[in-house]
Amino acid sequence: MLRYIYADDLDRFPYLAQSMFEDRAKQFHDRLNWEVTVQDDGTERDEYDAMNPLYVIWEQPDGRHGGSMRFLPTSGDTMINDHFLSLTDGVEIRSPFIWECTRFCLAPATLPRVSAALMLGGMELGRAFHLSHAVGVFDARMVRIYRRLGWGPVILGTQGQGKDAISVGLWAFEEELRPNLLVRSGIQSEVSESWLDRSLGRATA
């Protein structure tokens with residue numbers, strides 16, 4: 001199932017949180033060789049995890065992390081504005097209607113539909129908070145994944161070549177894209193909405 005959890009509430013889900021940060025270390029440090037900091041307990045965290053981001057997390061039946069993304073409003077500090085302005089010609093992206101998405105992570109051997117479920121989760125978050133766009137920095141391998149899922153970004157800038165290229169892109173929260181994400185993830189609309197409502201304390205029953 002999808003959970004939407006603020007960092008301040010992660011201590012309510014210790015196994016889910018620990019396994020998420022462990023999987024981030026495995027993906028970004030071990031597999032992709034990014035220059036990220038791995039803690040002594042085998043987890044990967046950065047300064048943006050301390051800013052109370054909202055995580056969209058796929059929780060597997062055993063309670064372990066299956067995949068996740070991290071969201072922060074661009075009205076505050078973001079990775080793009082702090083470190084990747086070269087990709088936007090020096091123009092900061094700041095708007096109450098645009099949130100930054102980072103750390104798209106999949107657990108090893110996770111089911112293929114988890115990617116689509118996470119994208120659906122991003123769509124549900126955008127609808128819930130009345131956002132216009134998400135913005136994010138991604139490497140070359142992700143372009144194919146996003147397009148295959150049917151929700152590719154508008155690329156604002158790219159640097160590097162081939163597999164070493166990194167880009168910044170905008171995803172528009174367009175209602176007509178949601179049915180495709182529901183189909184690809186295998187999740188019913190009512191179920192998806194109930195997951196978000198329960199996570200954000202908006203359940204009516």
# chains A, B, ... in the order shown; residues from 1 in each chain; ligands from 1
call {"tool": "closest_atom_pairs", "arguments": {"of": "region 86-134 of chain A", "to": "region 168-180 of chain A", "cutoff": "6 Å", "atoms": "only C-alpha atoms", "output": "Markdown table"}}
result
| residue | atom | partner | partner_atom | distance |
| --- | --- | --- | --- | --- |
| A:Ser132 | CA | A:Phe173 | CA | 5.6 |
| A:His133 | CA | A:Ala172 | CA | 4.5 |
| A:Ala134 | CA | A:Trp171 | CA | 5.1 |
call {"tool": "closest_atom_pairs", "arguments": {"of": "region 64-117 of chain A", "to": "region 44-57 of chain A", "cutoff": "6 Å", "atoms": "only C-alpha atoms", "output": "JSON lines"}}
result
{"residue": "A:Gly67", "atom": "CA", "partner": "A:Ile57", "partner_atom": "CA", "distance": 5.8}
{"residue": "A:Ser68", "atom": "CA", "partner": "A:Ile57", "partner_atom": "CA", "distance": 4.3}
{"residue": "A:Met69", "atom": "CA", "partner": "A:Val56", "partner_atom": "CA", "distance": 5.3}
{"residue": "A:Arg70", "atom": "CA", "partner": "A:Tyr55", "partner_atom": "CA", "distance": 4.5}
{"residue": "A:Phe71", "atom": "CA", "partner": "A:Leu54", "partner_atom": "CA", "distance": 5.1}
{"residue": "A:Leu72", "atom": "CA", "partner": "A:Pro53", "partner_atom": "CA", "distance": 5.2}
call {"tool": "residues_around", "arguments": {"residues": "Phe28 (chain A)", "least_positions_apart": "5", "cutoff": "9 Å", "atoms": "only C-alpha atoms", "output": "JSON, numbers by chain"}}
result
{"A": [23, 33, 34, 35, 36, 44, 103, 105]}
call {"tool": "residues_around", "arguments": {"residues": "His65 (chain A)", "least_positions_apart": "6", "cutoff": "6 Å", "atoms": "only C-alpha atoms", "output": "list of chain:residue names"}}
result
A:Leu16, A:Ser19, A:Met20, A:Glu59
call {"tool": "closest_residue", "arguments": {"among": "A:Ser192, A:Gln161, A:Ser167, A:Gln39", "to": "Leu120 (chain A)", "atoms": "only C-alpha atoms"}}
result
A:Ser192
call {"tool": "residues_around", "arguments": {"residues": "Gly152 (chain A)", "least_positions_apart": "4", "cutoff": "8 Å", "atoms": "only C-alpha atoms", "output": "ChimeraX atom specification"}}
result
/A:143,146-147,171
call {"tool": "residues_around", "arguments": {"residues": "Gly160 (chain A)", "least_positions_apart": "6", "cutoff": "10 Å", "atoms": "only C-alpha atoms", "output": "list in words"}}
result
Asp139, Ala140, Ile166 and Ser167 of chain A
call {"tool": "write_last_selection", "arguments": {"atoms": "N, CA, C and O atoms", "output": "short mmCIF file (atom, residue, chain, number, x, y, z; two decimals), in the first residue's frame"}}
result
data_model
loop_
_atom_site.label_atom_id
_atom_site.label_comp_id
_atom_site.auth_asym_id
_atom_site.auth_seq_id
_atom_site.Cartn_x
_atom_site.Cartn_y
_atom_site.Cartn_z
N ASP A 139 18.62 11.45 -13.43
CA ASP A 139 19.68 11.03 -14.34
C ASP A 139 19.09 10.40 -15.59
O ASP A 139 17.87 10.19 -15.70
N ALA A 140 19.95 10.09 -16.54
CA ALA A 140 19.50 9.66 -17.86
C ALA A 140 18.64 8.40 -17.82
O ALA A 140 17.70 8.26 -18.61
N ILE A 166 22.47 14.54 -16.53
CA ILE A 166 21.46 14.82 -15.53
C ILE A 166 20.60 15.97 -16.03
O ILE A 166 21.07 16.86 -16.75
N SER A 167 19.32 15.92 -15.68
CA SER A 167 18.37 16.91 -16.18
C SER A 167 17.48 17.39 -15.04
O SER A 167 17.34 16.73 -14.01
#
call {"tool": "atom_distance", "arguments": {"atom1": "CA of Leu200 (chain A)", "atom2": "CA of Tyr4 (chain A)"}}
result
7.0 Å
call {"tool": "closest_residue", "arguments": {"among": "A:Gln27, A:Thr110, A:Gln188, A:Thr88", "to": "Pro61 (chain A)", "atoms": "only C-alpha atoms"}}
result
A:Thr110
call {"tool": "select_by_dssp", "arguments": {"residues": "region 20-204 of chain A", "states": "strand (DSSP E)", "output": "ChimeraX atom specification"}}
result
/A:54-59,65-73,98-106,133-139,154-159,166-172
call {"tool": "residues_around", "arguments": {"residues": "Val114 (chain A)", "least_positions_apart": "4", "cutoff": "8 Å", "atoms": "only C-alpha atoms", "output": "list in words"}}
result
Trp58, Gly66, Gly67, Leu106, Thr110, Leu118 and Ser185 of chain A
call {"tool": "write_last_selection", "arguments": {"atoms": "C-alpha atoms", "output": "compact mmCIF listing (two decimals), in the first residue's frame"}}
result
# COMPACT_ATOMS: atom_id res chain seq x y z
CA TRP A 58 5.15 1.91 -1.00
CA GLY A 66 9.23 -1.23 -1.52
CA GLY A 67 9.83 2.19 -3.06
CA LEU A 106 13.06 1.28 -5.50
CA THR A 110 10.60 -4.91 -5.99
CA LEU A 118 4.77 5.80 -6.73
CA SER A 185 -0.27 0.38 -10.97
call {"tool": "atom_distance", "arguments": {"atom1": "CA of Met123 (chain A)", "atom2": "CA of Leu196 (chain A)"}}
result
10.9 Å
